[in-house]
Amino acid sequence: MEIMGSVSGLLLASTALLLSWGLFRIIYAVWWKPMRLKQFMKKQGVDGPPFELIFGNARETMRTFFQAWAKPMSLCHDIVPRVLPFFHDVVEKYGRTCLVWYGNMPVLIVMSPDLVKEVLTNKFGQYPKTPPPPSMTALVTGLVALEGEKWAAHRKILNPAFHLEKLKGMLPTFSLSCEQMVQRWSELIGSQASREMDVFEELQSLTEDIISRTAFGSNFEEGKRLFEIQKEQAKIGFESLWKIQLPGFSYLPTKANIRKKKLNDDVTSILRGMVQRRIKEMKMGSPKKGDMLELLLESCNYNDVHEEKGSLKKMGMSIDDVIEECKLFYFAGQGTTGVTLTWTMVVLSMHPEWQSRAREEVLQVCGKGAPTFDQLSQLKIVTMVLYEVLRLYSPVVMLSRHASKRMQLGHLDIPAGVQLLLPLLFMQHDPELWGEDSNEFNPERFSEGVANAAKHQMAFYPFGCGPRICLGYTFAMMEAKMAVAMILQHFSFELSPSYIHAPCPVMTLQPQHGAPLIVHKL
């Protein structure tokens, strides 16, 4: 009995010790560690809003978001307070370098151009991309989600597909998609001379068609199904982005998690079918199509299998790797260019004098025909307009990195694991970098090129910079120039009375209530 009592006492003592240790670990993680880091950064002159146990600043972030998005703004370009209200208020109160919290994760906002440059151009792997939250992993995939040697290998494989000569060969596909859109608009307008249409939906369809044709040679209906699924994935992911979720929550069979898995399985199934059909066609010696998927599979040397140390080694990417890159190109390629074209038409409607100047240039250089590559390169005013729209309405409003180890960033000592938030939309509206007219539409600021547009070269980086600069940058600009030029050749446009100015970040910066314009046939 005494032995049994001793064993029971020992078990109780052990259990109490384990519970105490577990409780200590929880308190350390959710309170002590954040408080210690907050004091560490404050000693370096970096402050921020109060830390709330468990939630950090997430609840206040969502409250200010929903409050700002509940009402439209005036017809101007000072959009930062509406698009990112919490971060705007924090920067106004605590300065251009400040600390906020997502749960117990420290997030350092960095607005100094020199520090941003140091983060984006630093040695490989020192400031890797922050892993996406579970709600976004189905969309943030492929090259953009990779790190280290695998990222370097994939980047090297993908580079040839974006060489200028390859992109020149895609211009006829760009112009074909634009010609079909112009024809459809003309038929919709008919003999009425003008018509109201939501150009956001129209331009989304245009970029969907271009990506479907140039990237994978698939018909529009097949591509359309992919885009519909990815739009739903983006909506679900964004809605849960700022919700604090316990570890492992994404694996529970909740209604939302089941739906997310179904959508991801559907995307993977469609793309796997496209890839396998193309591999079969290539093996049968079918005529080349010259689209992105063919270039990708060729650059991957997918069929090149050889023996290495007694085992078969597949060169390049696996089918699963190719599928992940296809997911990324579909989502990123369509979303960013579609919203850029939408904001371009909205802004040119707000500034008809620039719409006229751009149209005169297009008609002088290109006439009424589809622009050639050389003609696109001569469209200086159109290029300036696109850059200024990208500055004011950047599709991606922030970039995120994290310190892989304890780092010295400028004068700051950054502990390992701290997330760095680079708010490019803030910097592209910053009067210290762009002057007192920073919230005004003035394409002339780009008249001497991007490098001389602002007081610092890092004031404008809508496609990122450094080793991880967007691989599709040239593709996107060629696509946008072609679309803008052909729209200006055939139509003029103005804001509809029903237009509501309400920029809203849903993965990309979108018009919350669409973009209804009155389109006139010339």
# chains A, B, ... in the order shown; residues from 1 in each chain; ligands from 1

call {"tool": "residues_around", "arguments": {"residues": "Ile210 (chain A)", "least_positions_apart": "6", "cutoff": "12 Å", "atoms": "only C-alpha atoms", "output": "PyMOL selection string"}}
result
chain A and resi 170-181+203-204+216-220+223-224+291-292+329-330+333-335+337-338+475-476+478-480+482-483

call {"tool": "write_last_selection", "arguments": {"atoms": "C-alpha atoms", "output": "PDB file, in the first residue's frame"}}
result
ATOM      1  CA  MET A 170       3.224  36.100 -78.204  1.00  0.00           C
ATOM      2  CA  LEU A 171       2.216  39.559 -79.481  1.00  0.00           C
ATOM      3  CA  PRO A 172      -0.137  38.173 -82.155  1.00  0.00           C
ATOM      4  CA  THR A 173      -2.009  36.310 -79.406  1.00  0.00           C
ATOM      5  CA  PHE A 174      -2.196  39.490 -77.312  1.00  0.00           C
ATOM      6  CA  SER A 175      -3.617  41.424 -80.251  1.00  0.00           C
ATOM      7  CA  LEU A 176      -6.071  38.642 -81.187  1.00  0.00           C
ATOM      8  CA  SER A 177      -7.586  38.633 -77.694  1.00  0.00           C
ATOM      9  CA  CYS A 178      -7.775  42.450 -77.703  1.00  0.00           C
ATOM     10  CA  GLU A 179      -9.344  42.502 -81.189  1.00  0.00           C
ATOM     11  CA  GLN A 180     -12.050  40.107 -80.056  1.00  0.00           C
ATOM     12  CA  MET A 181     -12.778  42.279 -77.009  1.00  0.00           C
ATOM     13  CA  LEU A 203     -10.877  43.395 -68.486  1.00  0.00           C
ATOM     14  CA  GLN A 204     -10.753  40.414 -66.153  1.00  0.00           C
ATOM     15  CA  PHE A 216      -1.350  27.056 -72.115  1.00  0.00           C
ATOM     16  CA  GLY A 217      -3.086  27.224 -75.498  1.00  0.00           C
ATOM     17  CA  SER A 218      -6.311  26.134 -73.818  1.00  0.00           C
ATOM     18  CA  ASN A 219      -9.667  27.405 -74.953  1.00  0.00           C
ATOM     19  CA  PHE A 220     -11.311  30.201 -73.022  1.00  0.00           C
ATOM     20  CA  GLY A 223      -9.377  28.691 -68.600  1.00  0.00           C
ATOM     21  CA  LYS A 224     -12.539  30.400 -67.362  1.00  0.00           C
ATOM     22  CA  ASP A 291       2.797  28.824 -75.712  1.00  0.00           C
ATOM     23  CA  MET A 292       4.114  29.104 -72.172  1.00  0.00           C
ATOM     24  CA  PHE A 329       0.914  31.935 -63.519  1.00  0.00           C
ATOM     25  CA  TYR A 330      -2.844  31.632 -63.963  1.00  0.00           C
ATOM     26  CA  GLY A 333      -0.814  36.761 -64.423  1.00  0.00           C
ATOM     27  CA  GLN A 334      -4.528  37.373 -64.692  1.00  0.00           C
ATOM     28  CA  GLY A 335      -5.174  39.173 -61.407  1.00  0.00           C
ATOM     29  CA  THR A 337      -2.819  42.885 -65.136  1.00  0.00           C
ATOM     30  CA  GLY A 338      -6.620  42.852 -65.027  1.00  0.00           C
ATOM     31  CA  PHE A 475       5.016  40.086 -70.134  1.00  0.00           C
ATOM     32  CA  ALA A 476       2.593  42.159 -68.027  1.00  0.00           C
ATOM     33  CA  MET A 478       3.552  44.322 -73.048  1.00  0.00           C
ATOM     34  CA  GLU A 479       0.070  42.936 -72.407  1.00  0.00           C
ATOM     35  CA  ALA A 480      -1.071  46.165 -70.723  1.00  0.00           C
ATOM     36  CA  MET A 482      -1.345  46.371 -76.177  1.00  0.00           C
ATOM     37  CA  ALA A 483      -4.722  46.455 -74.405  1.00  0.00           C
TER      38      ALA A 483
END

call {"tool": "residues_around", "arguments": {"residues": "Gln126 (chain A)", "least_positions_apart": "6", "cutoff": "9 Å", "atoms": "only C-alpha atoms", "output": "NGL selection string"}}
result
:A and (119 or 402-405 or 407)

call {"tool": "write_last_selection", "arguments": {"atoms": "N, CA and C atoms", "output": "PDB file, in the first residue's frame"}}
result
ATOM      1  N   VAL A 119      16.721  44.949 -47.570  1.00  0.00           N
ATOM      2  CA  VAL A 119      15.959  43.712 -47.382  1.00  0.00           C
ATOM      3  C   VAL A 119      15.800  42.962 -48.699  1.00  0.00           C
ATOM      4  N   HIS A 402      10.949  37.944 -43.765  1.00  0.00           N
ATOM      5  CA  HIS A 402      11.248  37.751 -42.351  1.00  0.00           C
ATOM      6  C   HIS A 402      12.739  37.491 -42.169  1.00  0.00           C
ATOM      7  N   ALA A 403      13.217  37.810 -40.991  1.00  0.00           N
ATOM      8  CA  ALA A 403      14.633  37.619 -40.683  1.00  0.00           C
ATOM      9  C   ALA A 403      14.892  36.140 -40.404  1.00  0.00           C
ATOM     10  N   SER A 404      15.725  35.505 -41.225  1.00  0.00           N
ATOM     11  CA  SER A 404      16.006  34.075 -41.059  1.00  0.00           C
ATOM     12  C   SER A 404      16.894  33.807 -39.844  1.00  0.00           C
ATOM     13  N   LYS A 405      17.624  34.845 -39.408  1.00  0.00           N
ATOM     14  CA  LYS A 405      18.474  34.765 -38.220  1.00  0.00           C
ATOM     15  C   LYS A 405      18.592  36.188 -37.668  1.00  0.00           C
ATOM     16  N   MET A 407      19.643  39.678 -37.419  1.00  0.00           N
ATOM     17  CA  MET A 407      20.190  40.471 -38.503  1.00  0.00           C
ATOM     18  C   MET A 407      20.405  41.914 -38.068  1.00  0.00           C
TER      19      MET A 407
END

call {"tool": "select_by_dssp", "arguments": {"residues": "region 67-132 of chain A", "states": "strand (DSSP E)", "output": "compact mmCIF listing (two decimals) with N, CA and C atoms, in the first residue's frame"}}
result
# COMPACT_ATOMS: atom_id res chain seq x y z
N THR A 97 9.04 53.57 -39.13
CA THR A 97 9.47 52.23 -38.73
C THR A 97 8.81 51.94 -37.39
N CYS A 98 7.89 50.99 -37.36
CA CYS A 98 7.14 50.72 -36.13
C CYS A 98 6.77 49.24 -36.05
N LEU A 99 6.31 48.82 -34.87
CA LEU A 99 6.08 47.41 -34.59
C LEU A 99 4.61 47.15 -34.31
N VAL A 100 4.03 46.17 -35.03
CA VAL A 100 2.66 45.73 -34.78
C VAL A 100 2.69 44.21 -34.59
N TRP A 101 1.53 43.64 -34.25
CA TRP A 101 1.49 42.22 -33.90
C TRP A 101 0.33 41.52 -34.60
N TYR A 102 0.63 40.37 -35.19
CA TYR A 102 -0.38 39.47 -35.72
C TYR A 102 -0.40 38.26 -34.81
N MET A 105 2.97 37.12 -33.27
CA MET A 105 4.03 37.30 -34.25
C MET A 105 4.37 38.79 -34.40
N PRO A 106 5.63 39.17 -34.16
CA PRO A 106 6.02 40.57 -34.32
C PRO A 106 6.16 40.93 -35.80
N VAL A 107 5.60 42.07 -36.18
CA VAL A 107 5.63 42.53 -37.57
C VAL A 107 6.23 43.93 -37.59
N LEU A 108 7.39 44.08 -38.19
CA LEU A 108 8.08 45.37 -38.25
C LEU A 108 7.75 46.05 -39.58
N ILE A 109 7.07 47.20 -39.51
CA ILE A 109 6.78 47.97 -40.71
C ILE A 109 8.02 48.78 -41.07
N VAL A 110 8.49 48.64 -42.31
CA VAL A 110 9.71 49.30 -42.76
C VAL A 110 9.39 50.17 -43.97

call {"tool": "closest_residue", "arguments": {"among": "A:Val396, A:Leu376, A:Ala161, A:Cys465", "to": "Asn122 (chain A)", "atoms": "only C-alpha atoms"}}
result
A:Cys465

call {"tool": "closest_residue", "arguments": {"among": "A:Gly367, A:Gly410, A:Gly45, A:Pro287", "to": "Leu115 (chain A)", "atoms": "only C-alpha atoms"}}
result
A:Gly410

call {"tool": "residues_around", "arguments": {"residues": "Leu348 (chain A)", "least_positions_apart": "3", "cutoff": "12 Å", "atoms": "only C-alpha atoms", "output": "number ranges by chain"}}
result
A: 341-345, 351-359, 382, 385-386, 388-389, 441-443, 484, 487-488, 492-495, 517

call {"tool": "write_last_selection", "arguments": {"atoms": "C-alpha atoms", "output": "compact mmCIF listing (two decimals), in the first residue's frame"}}
result
# COMPACT_ATOMS: atom_id res chain seq x y z
CA LEU A 341 -6.00 47.88 -66.81
CA THR A 342 -9.17 48.59 -64.82
CA TRP A 343 -7.55 51.36 -62.78
CA THR A 344 -5.98 52.75 -65.96
CA MET A 345 -9.40 53.19 -67.57
CA HIS A 351 -8.35 62.81 -66.29
CA PRO A 352 -9.72 63.12 -69.86
CA GLU A 353 -6.86 65.39 -70.93
CA TRP A 354 -4.43 62.49 -70.45
CA GLN A 355 -6.82 60.12 -72.19
CA SER A 356 -6.74 62.44 -75.22
CA ARG A 357 -2.94 62.76 -75.13
CA ALA A 358 -2.49 59.00 -74.95
CA ARG A 359 -4.97 58.41 -77.78
CA VAL A 382 1.07 55.30 -72.63
CA VAL A 385 0.40 56.64 -67.77
CA LEU A 386 0.75 52.95 -66.88
CA GLU A 388 1.68 56.42 -62.77
CA VAL A 389 -1.36 54.16 -62.41
CA PHE A 441 -2.07 61.89 -61.10
CA ASN A 442 0.95 63.24 -62.95
CA PRO A 443 2.49 60.88 -65.51
CA VAL A 484 -4.59 50.19 -73.59
CA ILE A 487 -8.94 50.39 -76.46
CA LEU A 488 -7.85 54.00 -77.13
CA SER A 492 -13.39 56.98 -75.47
CA PHE A 493 -14.76 56.57 -71.95
CA GLU A 494 -15.91 58.44 -68.87
CA LEU A 495 -17.07 57.58 -65.36
CA LEU A 517 -17.91 53.42 -67.22

call {"tool": "select_by_dssp", "arguments": {"residues": "region 402-445 of chain A", "states": "alpha helix (DSSP H)", "output": "number ranges by chain"}}
result
A: 424-427, 431-434

call {"tool": "write_last_selection", "arguments": {"atoms": "N, CA and C atoms", "output": "mmCIF file, in the first residue's frame"}}
result
data_model
loop_
_atom_site.group_PDB
_atom_site.id
_atom_site.type_symbol
_atom_site.label_atom_id
_atom_site.label_comp_id
_atom_site.auth_asym_id
_atom_site.auth_seq_id
_atom_site.Cartn_x
_atom_site.Cartn_y
_atom_site.Cartn_z
ATOM 1 N N LEU A 424 4.628 48.972 -49.950
ATOM 2 C CA LEU A 424 5.000 49.715 -51.148
ATOM 3 C C LEU A 424 3.955 50.757 -51.533
ATOM 4 N N LEU A 425 2.659 50.497 -51.248
ATOM 5 C CA LEU A 425 1.628 51.492 -51.563
ATOM 6 C C LEU A 425 1.855 52.777 -50.769
ATOM 7 N N PHE A 426 2.251 52.641 -49.488
ATOM 8 C CA PHE A 426 2.576 53.808 -48.664
ATOM 9 C C PHE A 426 3.708 54.610 -49.315
ATOM 10 N N MET A 427 4.776 53.913 -49.674
ATOM 11 C CA MET A 427 5.960 54.586 -50.194
ATOM 12 C C MET A 427 5.671 55.249 -51.536
ATOM 13 N N PRO A 431 4.841 61.802 -49.683
ATOM 14 C CA PRO A 431 5.284 63.123 -50.151
ATOM 15 C C PRO A 431 6.778 63.366 -49.956
ATOM 16 N N GLU A 432 7.401 62.696 -48.989
ATOM 17 C CA GLU A 432 8.848 62.865 -48.800
ATOM 18 C C GLU A 432 9.636 62.301 -49.977
ATOM 19 N N LEU A 433 9.029 61.339 -50.696
ATOM 20 C CA LEU A 433 9.708 60.714 -51.828
ATOM 21 C C LEU A 433 9.229 61.259 -53.164
ATOM 22 N N TRP A 434 7.969 61.720 -53.223
ATOM 23 C CA TRP A 434 7.359 62.119 -54.493
ATOM 24 C C TRP A 434 6.990 63.599 -54.554
#

call {"tool": "atom_distance", "arguments": {"atom1": "CA of Lys43 (chain A)", "atom2": "CA of Thr130 (chain A)"}}
result
25.5 Å

call {"tool": "closest_residue", "arguments": {"among": "A:Asn439, A:Gln183, A:Ser498, A:Thr474", "to": "Ile79 (chain A)", "atoms": "only C-alpha atoms"}}
result
A:Asn439

call {"tool": "closest_residue", "arguments": {"among": "A:Glu208, A:Asp265, A:Glu228, A:Asp78", "to": "Glu440 (chain A)", "atoms": "only C-alpha atoms"}}
result
A:Asp78

call {"tool": "atom_distance", "arguments": {"atom1": "CA of Leu84 (chain A)", "atom2": "CA of Phe66 (chain A)"}}
result
10.5 Å

call {"tool": "closest_residue", "arguments": {"among": "A:Asp437, A:Lys260, A:Val339, A:Gly148", "to": "Glu202 (chain A)", "atoms": "only C-alpha atoms"}}
result
A:Val339

call {"tool": "closest_residue", "arguments": {"among": "A:Asn104, A:Ala515, A:Leu143, A:Met111", "to": "Arg36 (chain A)", "atoms": "only C-alpha atoms"}}
result
A:Asn104
